[in-house]
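Shown next: start_36.cif, containing mmCIF, C-alpha atoms.
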data_coords
loop_
_atom_site.group_PDB
_atom_site.id
_atom_site.type_symbol
_atom_site.label_atom_id
_atom_site.label_comp_id
_atom_site.auth_asym_id
_atom_site.auth_seq_id
_atom_site.Cartn_x
_atom_site.Cartn_y
_atom_site.Cartn_z
ATOM 1 C CA MET A 1 3.467 3.186 -42.085
ATOM 2 C CA THR A 2 5.687 5.298 -44.321
ATOM 3 C CA ASP A 3 9.488 5.471 -44.390
ATOM 4 C CA ASN A 4 9.315 8.915 -45.966
ATOM 5 C CA ALA A 5 11.212 11.467 -43.882
ATOM 6 C CA ASP A 6 8.912 14.155 -45.302
ATOM 7 C CA TYR A 7 5.778 12.461 -44.006
ATOM 8 C CA THR A 8 2.821 14.783 -43.490
ATOM 9 C CA PRO A 9 0.152 13.613 -41.000
ATOM 10 C CA PRO A 10 -3.294 13.134 -42.539
ATOM 11 C CA ALA A 11 -6.276 15.115 -41.332
ATOM 12 C CA VAL A 12 -7.619 12.030 -39.543
ATOM 13 C CA TRP A 13 -5.396 9.295 -38.110
ATOM 14 C CA THR A 14 -6.377 5.678 -38.860
ATOM 15 C CA TRP A 15 -5.083 2.519 -37.249
ATOM 16 C CA ASP A 16 -2.372 0.808 -39.297
ATOM 17 C CA LYS A 17 -2.174 -2.669 -37.833
ATOM 18 C CA GLU A 18 1.253 -3.234 -39.357
ATOM 19 C CA SER A 19 2.865 -0.368 -37.418
ATOM 20 C CA GLY A 20 4.626 -0.634 -34.108
ATOM 21 C CA GLY A 21 7.651 -2.753 -34.966
ATOM 22 C CA LYS A 22 8.396 -5.512 -32.461
ATOM 23 C CA PHE A 23 5.255 -4.773 -30.449
ATOM 24 C CA ALA A 24 2.807 -4.354 -33.321
ATOM 25 C CA SER A 25 0.776 -7.385 -32.268
ATOM 26 C CA ILE A 26 -0.037 -5.982 -28.814
ATOM 27 C CA ASN A 27 -0.416 -2.283 -29.601
ATOM 28 C CA ARG A 28 -3.906 -1.028 -30.330
ATOM 29 C CA PRO A 29 -5.796 2.247 -29.915
ATOM 30 C CA ILE A 30 -8.664 0.771 -27.899
ATOM 31 C CA ALA A 31 -8.999 -0.607 -24.371
ATOM 32 C CA GLY A 32 -10.879 -3.559 -22.901
ATOM 33 C CA PRO A 33 -10.415 -7.328 -22.993
ATOM 34 C CA THR A 34 -9.830 -9.368 -26.123
ATOM 35 C CA HIS A 35 -10.703 -12.722 -24.565
ATOM 36 C CA ASP A 36 -12.287 -14.275 -21.491
ATOM 37 C CA LYS A 37 -9.888 -15.758 -18.966
ATOM 38 C CA GLU A 38 -9.943 -15.589 -15.189
ATOM 39 C CA LEU A 39 -6.769 -14.861 -13.286
ATOM 40 C CA PRO A 40 -5.351 -17.570 -11.019
ATOM 41 C CA VAL A 41 -5.389 -17.027 -7.266
ATOM 42 C CA GLY A 42 -2.817 -18.499 -4.911
ATOM 43 C CA LYS A 43 -2.615 -18.997 -1.164
ATOM 44 C CA HIS A 44 -1.039 -15.729 -0.067
ATOM 45 C CA PRO A 45 -2.661 -12.395 0.880
ATOM 46 C CA LEU A 46 -1.069 -10.568 -2.049
ATOM 47 C CA GLN A 47 -1.596 -11.686 -5.637
ATOM 48 C CA LEU A 48 0.753 -10.100 -8.178
ATOM 49 C CA TYR A 49 0.279 -10.397 -11.930
ATOM 50 C CA SER A 50 3.397 -9.234 -13.682
ATOM 51 C CA LEU A 51 6.480 -9.664 -15.842
ATOM 52 C CA ALA A 52 10.086 -8.723 -15.015
ATOM 53 C CA THR A 53 10.175 -5.542 -17.034
ATOM 54 C CA PRO A 54 11.575 -2.543 -15.107
ATOM 55 C CA ASN A 55 8.070 -1.656 -13.914
ATOM 56 C CA GLY A 56 7.434 -5.213 -12.787
ATOM 57 C CA VAL A 57 10.785 -5.446 -10.976
ATOM 58 C CA LYS A 58 9.908 -2.392 -8.880
ATOM 59 C CA VAL A 59 7.130 -4.308 -7.148
ATOM 60 C CA THR A 60 8.848 -7.673 -6.709
ATOM 61 C CA VAL A 61 11.849 -5.886 -5.193
ATOM 62 C CA MET A 62 9.505 -4.078 -2.796
ATOM 63 C CA LEU A 63 7.797 -7.306 -1.775
ATOM 64 C CA GLU A 64 11.102 -9.099 -1.218
ATOM 65 C CA GLU A 65 12.404 -6.127 0.789
ATOM 66 C CA LEU A 66 9.293 -6.193 2.967
ATOM 67 C CA LEU A 67 9.721 -9.904 3.634
ATOM 68 C CA ALA A 68 13.420 -9.416 4.396
ATOM 69 C CA ALA A 69 12.439 -6.713 6.895
ATOM 70 C CA GLY A 70 10.167 -9.172 8.708
ATOM 71 C CA HIS A 71 6.760 -8.223 7.318
ATOM 72 C CA SER A 72 5.265 -11.701 6.989
ATOM 73 C CA GLY A 73 1.987 -10.270 5.721
ATOM 74 C CA ALA A 74 3.793 -9.356 2.515
ATOM 75 C CA GLU A 75 3.922 -12.975 1.362
ATOM 76 C CA TYR A 76 2.791 -13.102 -2.211
ATOM 77 C CA ASP A 77 2.043 -15.197 -5.259
ATOM 78 C CA ALA A 78 3.605 -13.809 -8.435
ATOM 79 C CA TRP A 79 1.842 -14.981 -11.589
ATOM 80 C CA LEU A 80 3.493 -14.585 -14.974
ATOM 81 C CA ILE A 81 1.782 -12.304 -17.493
ATOM 82 C CA GLN A 82 3.255 -12.814 -20.960
ATOM 83 C CA ILE A 83 2.606 -9.435 -22.539
ATOM 84 C CA GLY A 84 3.975 -10.575 -25.898
ATOM 85 C CA GLU A 85 1.180 -13.137 -25.997
ATOM 86 C CA GLY A 86 -1.529 -10.696 -24.931
ATOM 87 C CA ASP A 87 -2.184 -12.050 -21.429
ATOM 88 C CA GLN A 88 -2.774 -8.477 -20.247
ATOM 89 C CA PHE A 89 -5.883 -8.287 -22.417
ATOM 90 C CA SER A 90 -7.707 -11.126 -20.671
ATOM 91 C CA SER A 91 -10.989 -10.294 -18.953
ATOM 92 C CA GLY A 92 -9.493 -11.200 -15.579
ATOM 93 C CA PHE A 93 -6.484 -8.952 -15.977
ATOM 94 C CA VAL A 94 -8.542 -6.030 -17.245
ATOM 95 C CA GLU A 95 -10.656 -6.327 -14.082
ATOM 96 C CA VAL A 96 -7.527 -5.704 -12.016
ATOM 97 C CA ASN A 97 -6.018 -3.127 -14.364
ATOM 98 C CA PRO A 98 -8.305 -1.495 -16.943
ATOM 99 C CA ASN A 99 -5.165 -0.029 -18.545
ATOM 100 C CA SER A 100 -3.887 -3.542 -19.452
ATOM 101 C CA LYS A 101 -0.341 -2.913 -18.252
ATOM 102 C CA ILE A 102 1.775 -4.850 -15.796
ATOM 103 C CA PRO A 103 2.169 -4.937 -12.858
ATOM 104 C CA ALA A 104 -1.219 -5.346 -11.206
ATOM 105 C CA LEU A 105 -1.893 -6.334 -7.615
ATOM 106 C CA ASN A 106 -4.865 -7.794 -5.760
ATOM 107 C CA ASP A 107 -4.706 -7.499 -1.975
ATOM 108 C CA ARG A 108 -6.938 -10.257 -0.615
ATOM 109 C CA SER A 109 -5.964 -9.830 3.038
ATOM 110 C CA GLY A 110 -9.255 -8.105 3.947
ATOM 111 C CA PRO A 111 -12.936 -8.963 3.574
ATOM 112 C CA GLU A 112 -12.981 -7.678 -0.006
ATOM 113 C CA PRO A 113 -10.108 -7.731 -2.525
ATOM 114 C CA ILE A 114 -8.453 -4.390 -3.191
ATOM 115 C CA ARG A 115 -7.024 -3.874 -6.657
ATOM 116 C CA VAL A 116 -4.010 -1.632 -7.181
ATOM 117 C CA PHE A 117 -2.511 -0.840 -10.568
ATOM 118 C CA GLU A 118 0.335 1.351 -11.862
ATOM 119 C CA SER A 119 3.709 0.511 -10.347
ATOM 120 C CA GLY A 120 4.083 3.768 -8.421
ATOM 121 C CA ALA A 121 0.660 3.374 -6.855
ATOM 122 C CA ILE A 122 1.500 -0.182 -5.814
ATOM 123 C CA LEU A 123 4.730 0.932 -4.149
ATOM 124 C CA ILE A 124 2.927 3.650 -2.186
ATOM 125 C CA TYR A 125 0.101 1.282 -1.241
ATOM 126 C CA LEU A 126 2.505 -1.349 0.093
ATOM 127 C CA ALA A 127 4.670 1.220 1.871
ATOM 128 C CA GLU A 128 1.639 2.629 3.668
ATOM 129 C CA LYS A 129 0.137 -0.783 4.381
ATOM 130 C CA PHE A 130 3.298 -2.026 6.099
ATOM 131 C CA GLY A 131 4.739 1.271 7.322
ATOM 132 C CA ALA A 132 8.036 0.705 5.557
ATOM 133 C CA PHE A 133 10.379 2.342 3.031
ATOM 134 C CA LEU A 134 8.438 5.613 3.023
ATOM 135 C CA PRO A 135 9.589 8.310 5.459
ATOM 136 C CA THR A 136 7.006 9.667 7.871
ATOM 137 C CA SER A 137 8.274 13.200 8.472
ATOM 138 C CA PRO A 138 6.577 15.646 6.080
ATOM 139 C CA ALA A 139 9.780 16.909 4.456
ATOM 140 C CA ALA A 140 11.352 13.470 3.954
ATOM 141 C CA ARG A 141 8.077 11.985 2.743
ATOM 142 C CA ALA A 142 7.649 14.792 0.221
ATOM 143 C CA GLU A 143 11.205 14.287 -1.039
ATOM 144 C CA CYS A 144 10.675 10.542 -1.451
ATOM 145 C CA LEU A 145 7.359 10.918 -3.261
ATOM 146 C CA SER A 146 8.769 13.665 -5.473
ATOM 147 C CA TRP A 147 11.557 11.384 -6.681
ATOM 148 C CA LEU A 148 9.111 8.509 -7.119
ATOM 149 C CA GLN A 149 6.960 10.691 -9.338
ATOM 150 C CA TRP A 150 10.071 11.938 -11.133
ATOM 151 C CA GLN A 151 10.663 8.373 -12.205
ATOM 152 C CA MET A 152 7.067 7.798 -13.199
ATOM 153 C CA GLY A 153 7.135 10.903 -15.369
ATOM 154 C CA SER A 154 10.601 10.289 -16.805
ATOM 155 C CA ALA A 155 10.313 6.617 -17.722
ATOM 156 C CA PRO A 156 8.137 7.174 -20.814
ATOM 157 C CA PHE A 157 10.981 9.226 -22.305
ATOM 158 C CA LEU A 158 13.458 6.461 -21.483
ATOM 159 C CA GLY A 159 11.314 3.474 -22.454
ATOM 160 C CA GLY A 160 8.659 4.577 -24.886
ATOM 161 C CA GLY A 161 10.873 7.265 -26.388
ATOM 162 C CA PHE A 162 14.554 6.381 -26.416
ATOM 163 C CA GLY A 163 14.143 2.633 -25.980
ATOM 164 C CA HIS A 164 11.567 2.357 -28.727
ATOM 165 C CA PHE A 165 13.338 4.398 -31.378
ATOM 166 C CA TYR A 166 16.864 3.191 -30.519
ATOM 167 C CA ALA A 167 16.165 -0.514 -30.004
ATOM 168 C CA TYR A 168 12.729 -1.527 -31.278
ATOM 169 C CA ALA A 169 11.500 0.730 -34.074
ATOM 170 C CA PRO A 170 11.437 -1.032 -37.462
ATOM 171 C CA VAL A 171 13.225 1.954 -39.024
ATOM 172 C CA LYS A 172 16.010 3.990 -37.397
ATOM 173 C CA TYR A 173 15.654 7.753 -37.676
ATOM 174 C CA GLU A 174 18.261 10.204 -36.432
ATOM 175 C CA TYR A 175 15.845 12.865 -35.188
ATOM 176 C CA PRO A 176 13.840 10.849 -32.591
ATOM 177 C CA ILE A 177 16.941 8.958 -31.415
ATOM 178 C CA ASN A 178 18.824 12.210 -30.880
ATOM 179 C CA ARG A 179 15.813 13.854 -29.252
ATOM 180 C CA TYR A 180 15.313 11.104 -26.714
ATOM 181 C CA ALA A 181 19.012 10.400 -26.160
ATOM 182 C CA MET A 182 19.404 14.048 -25.160
ATOM 183 C CA GLU A 183 16.559 13.751 -22.665
ATOM 184 C CA VAL A 184 17.816 10.471 -21.199
ATOM 185 C CA LYS A 185 21.287 11.921 -20.674
ATOM 186 C CA ARG A 186 19.711 14.960 -19.020
ATOM 187 C CA GLN A 187 17.811 12.632 -16.691
ATOM 188 C CA LEU A 188 21.008 10.746 -15.870
ATOM 189 C CA ASP A 189 22.649 14.058 -15.046
ATOM 190 C CA VAL A 190 19.744 15.009 -12.767
ATOM 191 C CA LEU A 191 20.144 11.709 -10.940
ATOM 192 C CA ASP A 192 23.934 11.910 -10.839
ATOM 193 C CA ARG A 193 23.863 15.385 -9.304
ATOM 194 C CA ARG A 194 21.331 14.253 -6.693
ATOM 195 C CA LEU A 195 23.429 11.242 -5.735
ATOM 196 C CA ALA A 196 26.597 13.306 -5.416
ATOM 197 C CA ASP A 197 25.451 14.434 -1.963
ATOM 198 C CA ASN A 198 23.054 11.657 -0.993
ATOM 199 C CA GLU A 199 23.610 7.973 -0.333
ATOM 200 C CA PHE A 200 20.202 7.129 -1.734
ATOM 201 C CA VAL A 201 17.884 9.064 -4.004
ATOM 202 C CA ALA A 202 15.571 10.486 -1.341
ATOM 203 C CA GLY A 203 18.360 11.037 1.191
ATOM 204 C CA PRO A 204 20.206 8.845 3.703
ATOM 205 C CA GLU A 205 17.584 6.077 3.754
ATOM 206 C CA TYR A 206 16.740 3.445 1.156
ATOM 207 C CA THR A 207 13.128 3.996 0.067
ATOM 208 C CA ILE A 208 10.529 3.217 -2.559
ATOM 209 C CA ALA A 209 12.113 5.987 -4.638
ATOM 210 C CA ASP A 210 15.210 3.807 -5.071
ATOM 211 C CA MET A 211 13.067 0.767 -5.812
ATOM 212 C CA ALA A 212 11.251 2.678 -8.556
ATOM 213 C CA ILE A 213 14.278 4.318 -10.146
ATOM 214 C CA TRP A 214 16.806 1.503 -9.950
ATOM 215 C CA PRO A 215 15.168 -1.015 -12.342
ATOM 216 C CA TRP A 216 15.232 1.655 -15.060
ATOM 217 C CA TYR A 217 18.293 3.787 -14.456
ATOM 218 C CA GLY A 218 20.335 1.195 -12.593
ATOM 219 C CA ALA A 219 19.877 -1.242 -15.453
ATOM 220 C CA LEU A 220 20.780 1.534 -17.876
ATOM 221 C CA ALA A 221 23.901 2.373 -15.851
ATOM 222 C CA LYS A 222 24.983 -1.275 -15.977
ATOM 223 C CA GLY A 223 24.564 -1.301 -19.755
ATOM 224 C CA LEU A 224 21.730 -3.832 -19.567
ATOM 225 C CA LEU A 225 18.924 -1.708 -20.981
ATOM 226 C CA TYR A 226 18.564 -1.533 -24.782
ATOM 227 C CA ASP A 227 22.303 -2.351 -25.226
ATOM 228 C CA ALA A 228 22.759 1.407 -25.033
ATOM 229 C CA GLY A 229 25.512 1.726 -22.432
ATOM 230 C CA GLU A 230 28.259 2.693 -24.855
ATOM 231 C CA PHE A 231 25.965 4.900 -26.919
ATOM 232 C CA LEU A 232 24.943 6.910 -23.837
ATOM 233 C CA GLN A 233 28.373 6.685 -22.146
ATOM 234 C CA VAL A 234 26.744 5.596 -18.914
ATOM 235 C CA GLN A 235 30.102 5.067 -17.198
ATOM 236 C CA ASP A 236 30.530 8.852 -16.994
ATOM 237 C CA TYR A 237 27.806 9.124 -14.358
ATOM 238 C CA LYS A 238 29.979 8.092 -11.411
ATOM 239 C CA ASN A 239 27.465 8.739 -8.660
ATOM 240 C CA VAL A 240 24.773 6.787 -10.482
ATOM 241 C CA GLN A 241 27.263 3.946 -10.882
ATOM 242 C CA ARG A 242 28.055 3.934 -7.148
ATOM 243 C CA TRP A 243 24.367 3.924 -6.215
ATOM 244 C CA THR A 244 23.557 1.262 -8.812
ATOM 245 C CA GLU A 245 26.069 -1.168 -7.335
ATOM 246 C CA ALA A 246 24.955 -0.441 -3.765
ATOM 247 C CA VAL A 247 21.320 -1.220 -4.561
ATOM 248 C CA TYR A 248 22.191 -4.280 -6.648
ATOM 249 C CA ALA A 249 24.160 -5.726 -3.721
ATOM 250 C CA ARG A 250 21.004 -6.010 -1.621
ATOM 251 C CA PRO A 251 19.853 -9.670 -1.430
ATOM 252 C CA ALA A 252 16.177 -8.700 -1.745
ATOM 253 C CA VAL A 253 16.938 -6.813 -4.949
ATOM 254 C CA LYS A 254 18.677 -9.841 -6.410
ATOM 255 C CA ARG A 255 15.645 -11.985 -5.584
ATOM 256 C CA GLY A 256 13.172 -9.399 -6.835
ATOM 257 C CA ARG A 257 14.921 -9.240 -10.217
ATOM 258 C CA MET A 258 14.419 -12.985 -10.671
ATOM 259 C CA VAL A 259 10.652 -13.079 -10.172
ATOM 260 C CA ASN A 260 8.593 -13.334 -13.389
ATOM 261 C CA ARG A 261 11.816 -13.135 -15.428
ATOM 262 C CA VAL A 262 11.726 -14.962 -18.771
ATOM 263 C CA MET A 263 15.020 -13.772 -20.268
ATOM 264 C CA GLY A 264 18.693 -14.152 -19.402
ATOM 265 C CA GLU A 265 20.508 -16.982 -17.680
ATOM 266 C CA PRO A 266 18.129 -19.814 -16.714
ATOM 267 C CA SER A 267 19.381 -19.595 -13.132
ATOM 268 C CA SER A 268 18.115 -15.985 -13.004
ATOM 269 C CA GLN A 269 14.591 -16.870 -14.130
ATOM 270 C CA LEU A 270 11.875 -17.666 -11.623
ATOM 271 C CA HIS A 271 8.815 -17.590 -13.855
ATOM 272 C CA GLU A 272 6.378 -17.730 -10.944
ATOM 273 C CA ARG A 273 6.947 -17.262 -7.246
ATOM 274 C CA HIS A 274 4.632 -18.869 -4.697
ATOM 275 C CA ASP A 275 7.016 -19.586 -1.828
ATOM 276 C CA ALA A 276 10.398 -18.325 -0.648
ATOM 277 C CA SER A 277 11.865 -21.763 -1.331
ATOM 278 C CA ASP A 278 11.076 -21.352 -5.045
ATOM 279 C CA PHE A 279 14.298 -19.358 -5.468
ATOM 280 C CA ASP A 280 16.228 -22.515 -4.574
ATOM 281 C CA THR A 281 14.127 -25.118 -6.337
ATOM 282 C CA LYS A 282 12.149 -23.660 -9.243
ATOM 283 C CA THR A 283 14.453 -21.462 -11.313
ATOM 284 C CA GLN A 284 14.595 -22.443 -14.968
ATOM 285 C CA ASP A 285 18.016 -24.099 -14.710
ATOM 286 C CA LYS A 286 16.400 -26.575 -12.313
ATOM 287 C CA ILE A 287 13.005 -26.924 -13.994
ATOM 288 C CA ALA A 288 14.063 -27.069 -17.648
ATOM 289 C CA PRO A 289 16.411 -30.088 -17.330
ATOM 290 C CA ALA A 290 13.707 -31.977 -15.449
ATOM 291 C CA ALA A 291 11.216 -31.262 -18.221
ATOM 292 C CA LYS A 292 13.363 -32.896 -20.905
#
This entry written out as structure tokens:
Amino acid sequence: MTDNADYTPPAVWTWDKESGGKFASINRPIAGPTHDKELPVGKHPLQLYSLATPNGVKVTVMLEELLAAGHSGAEYDAWLIQIGEGDQFSSGFVEVNPNSKIPALNDRSGPEPIRVFESGAILIYLAEKFGAFLPTSPAARAECLSWLQWQMGSAPFLGGGFGHFYAYAPVKYEYPINRYAMEVKRQLDVLDRRLADNEFVAGPEYTIADMAIWPWYGALAKGLLYDAGEFLQVQDYKNVQRWTEAVYARPAVKRGRMVNRVMGEPSSQLHERHDASDFDTKTQDKIAPAAK
């Protein structure tokens, strides 16, 4: 990697293993497993392999919302995938998601397991499986799915673009930070204008669109993402702020945020979730003292 602002790309790119900053050890230009390891399987129909990044939180929130709505078939085991340690490159994980990204889901409720990967695909799969949080009328369904895909297309600018260059890149450069900050603020304005006339993103009902967008833009609005709240002046987006607090107040959202979390207050971390009672008995503030 060069720090030269006048860098000229070579004719042929080669892999510099020292590049990538904080995530250099897990970034590589090839796919496939790096080691053999089978994934664990628990007792529930749904097996989730994840980490409480924004993309992971989307799915745990959805599962907790389904359970809160009375869908007992949505019981799940949530297994921790430590992406910083390369768990996503195990042979077992690659079988579930050949893209080696969390979250990944195995539905074992039928005669043969069904794998689902990519967070948006998982949300749609679960919504259709349980008939929940996805409108059925053509117009409302199209609106919901459009906003879901808006998030899926926008997040790389927020995470891989702004988040990387602002928070994680080994060298800070004005141009990429300004470029992506401009785009993130434009996205916040898109969302703020939408929420000016709608209680939730897709309309009057809470849907998978909210579950997809909130872990990214809600966290950003609360100043929790990349410590960038002041830099982006997130408090100016009043409608996003109102929506953020409304979604955060939902008990299922609070539980979903805890699952597979390995950072923050120990009481907010439930590394693995295998039963509803785990929220009361197996958070890190309860496990860690016992382990000493």
Under the rule that only C-alpha atoms are counted, which of A:Asp107, A:Asp87, A:Asp189, A:Asp236 is the nearest residue to Leu51 of chain A?
A:Asp87
Report as a count of residues only the full result of the PyMOL selection byres ((chain A and resi 140) around 12) when it is applied to this structure.
22
To one decimal place in Å, what is the distance between atom CA of Glu95 of chain A and atom CA of Ala155 of chain A?
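About the pair atom CA of Glu95 of chain A and atom CA of Ala155 of chain A: they are 24.9 Å apart.
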Given the file above and the PyMOL selection byres ((chain A and resi 269) around 10), which residues are selected, and can you give them as a ChimeraX atom specification?
/A:52,255,257-268,270-272,279,282-285
Apply the PyMOL selection byres ((chain A and resi 122) around 10) to the structure shown and report the selected residues as a list in words.
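Evaluating the PyMOL selection byres ((chain A and resi 122) around 10) on this file yields Lys58, Val59, Met62, Pro103, Ala104, Leu105, Asn106, Arg115, Val116, Phe117, Glu118, Ser119, Gly120, Ala121, Leu123, Ile124, Tyr125, Leu126, Ala127 and Glu128 of chain A.
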Which one of A:Leu191, A:Val96, A:Leu63, A:Val41 sits closest to Gln151 of chain A if you count all atoms listed in the file?
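Checking each candidate against Gln151 of chain A, we get A:Leu191 as the closest.
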Residues at most 10 Å from Asp192 of chain A, counting only C-alpha atoms, excluding those fewer than 5 positions away in the same chain, as a PyMOL selection string?
chain A and resi 186-187+197-198+201+236-243
Measuring atom to atom with only C-alpha atoms, identify which of A:Val171, A:Asn27, A:Trp214, A:Tyr7 is nearest to Ala246 of chain A.
A:Trp214
Determine the nearest neighbour of Ala167 of chain A from the options A:Val94, A:Leu67, A:Ile30, A:Leu225, counting all atoms listed in the file.
A:Leu225
Looking at all atoms listed in the file, which of A:Asp210, A:Glu64, A:Glu183, A:Asp6 is the one that sits closest to Leu148 of chain A?
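Smallest distance to Leu148 of chain A is found for A:Asp210.
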Got a minute to add N, CA and C atoms to segment 183-202 of chain A and dump it as a PDB file, keeping the file's coordinate frame?
ATOM      1  N   GLU A 183      17.369  13.716 -23.873  1.00  0.00           N
ATOM      2  CA  GLU A 183      16.559  13.751 -22.665  1.00  0.00           C
ATOM      3  C   GLU A 183      17.013  12.703 -21.654  1.00  0.00           C
ATOM      4  N   VAL A 184      17.361  11.514 -22.121  1.00  0.00           N
ATOM      5  CA  VAL A 184      17.816  10.471 -21.199  1.00  0.00           C
ATOM      6  C   VAL A 184      19.126  10.882 -20.527  1.00  0.00           C
ATOM      7  N   LYS A 185      20.030  11.463 -21.271  1.00  0.00           N
ATOM      8  CA  LYS A 185      21.287  11.921 -20.674  1.00  0.00           C
ATOM      9  C   LYS A 185      21.038  13.076 -19.696  1.00  0.00           C
ATOM     10  N   ARG A 186      20.070  13.914 -19.979  1.00  0.00           N
ATOM     11  CA  ARG A 186      19.711  14.960 -19.020  1.00  0.00           C
ATOM     12  C   ARG A 186      19.177  14.345 -17.734  1.00  0.00           C
ATOM     13  N   GLN A 187      18.338  13.311 -17.867  1.00  0.00           N
ATOM     14  CA  GLN A 187      17.811  12.632 -16.691  1.00  0.00           C
ATOM     15  C   GLN A 187      18.932  11.973 -15.884  1.00  0.00           C
ATOM     16  N   LEU A 188      19.872  11.346 -16.566  1.00  0.00           N
ATOM     17  CA  LEU A 188      21.008  10.746 -15.870  1.00  0.00           C
ATOM     18  C   LEU A 188      21.808  11.798 -15.118  1.00  0.00           C
ATOM     19  N   ASP A 189      21.928  12.976 -15.706  1.00  0.00           N
ATOM     20  CA  ASP A 189      22.649  14.058 -15.046  1.00  0.00           C
ATOM     21  C   ASP A 189      21.884  14.554 -13.822  1.00  0.00           C
ATOM     22  N   VAL A 190      20.569  14.645 -13.925  1.00  0.00           N
ATOM     23  CA  VAL A 190      19.744  15.009 -12.767  1.00  0.00           C
ATOM     24  C   VAL A 190      20.000  14.027 -11.626  1.00  0.00           C
ATOM     25  N   LEU A 191      19.958  12.745 -11.948  1.00  0.00           N
ATOM     26  CA  LEU A 191      20.144  11.709 -10.940  1.00  0.00           C
ATOM     27  C   LEU A 191      21.567  11.723 -10.396  1.00  0.00           C
ATOM     28  N   ASP A 192      22.535  11.902 -11.263  1.00  0.00           N
ATOM     29  CA  ASP A 192      23.934  11.910 -10.839  1.00  0.00           C
ATOM     30  C   ASP A 192      24.212  13.067  -9.882  1.00  0.00           C
ATOM     31  N   ARG A 193      23.664  14.230 -10.179  1.00  0.00           N
ATOM     32  CA  ARG A 193      23.863  15.385  -9.304  1.00  0.00           C
ATOM     33  C   ARG A 193      23.182  15.156  -7.950  1.00  0.00           C
ATOM     34  N   ARG A 194      22.015  14.544  -7.952  1.00  0.00           N
ATOM     35  CA  ARG A 194      21.331  14.253  -6.693  1.00  0.00           C
ATOM     36  C   ARG A 194      22.149  13.292  -5.839  1.00  0.00           C
ATOM     37  N   LEU A 195      22.703  12.277  -6.468  1.00  0.00           N
ATOM     38  CA  LEU A 195      23.429  11.242  -5.735  1.00  0.00           C
ATOM     39  C   LEU A 195      24.838  11.667  -5.339  1.00  0.00           C
ATOM     40  N   ALA A 196      25.283  12.807  -5.817  1.00  0.00           N
ATOM     41  CA  ALA A 196      26.597  13.306  -5.416  1.00  0.00           C
ATOM     42  C   ALA A 196      26.634  13.620  -3.928  1.00  0.00           C
ATOM     43  N   ASP A 197      25.496  14.026  -3.363  1.00  0.00           N
ATOM     44  CA  ASP A 197      25.451  14.434  -1.963  1.00  0.00           C
ATOM     45  C   ASP A 197      24.501  13.592  -1.126  1.00  0.00           C
ATOM     46  N   ASN A 198      24.007  12.501  -1.708  1.00  0.00           N
ATOM     47  CA  ASN A 198      23.054  11.657  -0.993  1.00  0.00           C
ATOM     48  C   ASN A 198      23.373  10.188  -1.239  1.00  0.00           C
ATOM     49  N   GLU A 199      23.330   9.399  -0.179  1.00  0.00           N
ATOM     50  CA  GLU A 199      23.610   7.973  -0.333  1.00  0.00           C
ATOM     51  C   GLU A 199      22.557   7.297  -1.198  1.00  0.00           C
ATOM     52  N   PHE A 200      21.309   7.649  -0.948  1.00  0.00           N
ATOM     53  CA  PHE A 200      20.202   7.129  -1.734  1.00  0.00           C
ATOM     54  C   PHE A 200      19.445   8.306  -2.350  1.00  0.00           C
ATOM     55  N   VAL A 201      18.501   8.000  -3.221  1.00  0.00           N
ATOM     56  CA  VAL A 201      17.884   9.064  -4.004  1.00  0.00           C
ATOM     57  C   VAL A 201      17.129  10.063  -3.137  1.00  0.00           C
ATOM     58  N   ALA A 202      16.373   9.585  -2.162  1.00  0.00           N
ATOM     59  CA  ALA A 202      15.571  10.486  -1.341  1.00  0.00           C
ATOM     60  C   ALA A 202      16.330  11.020  -0.136  1.00  0.00           C
TER      61      ALA A 202
END
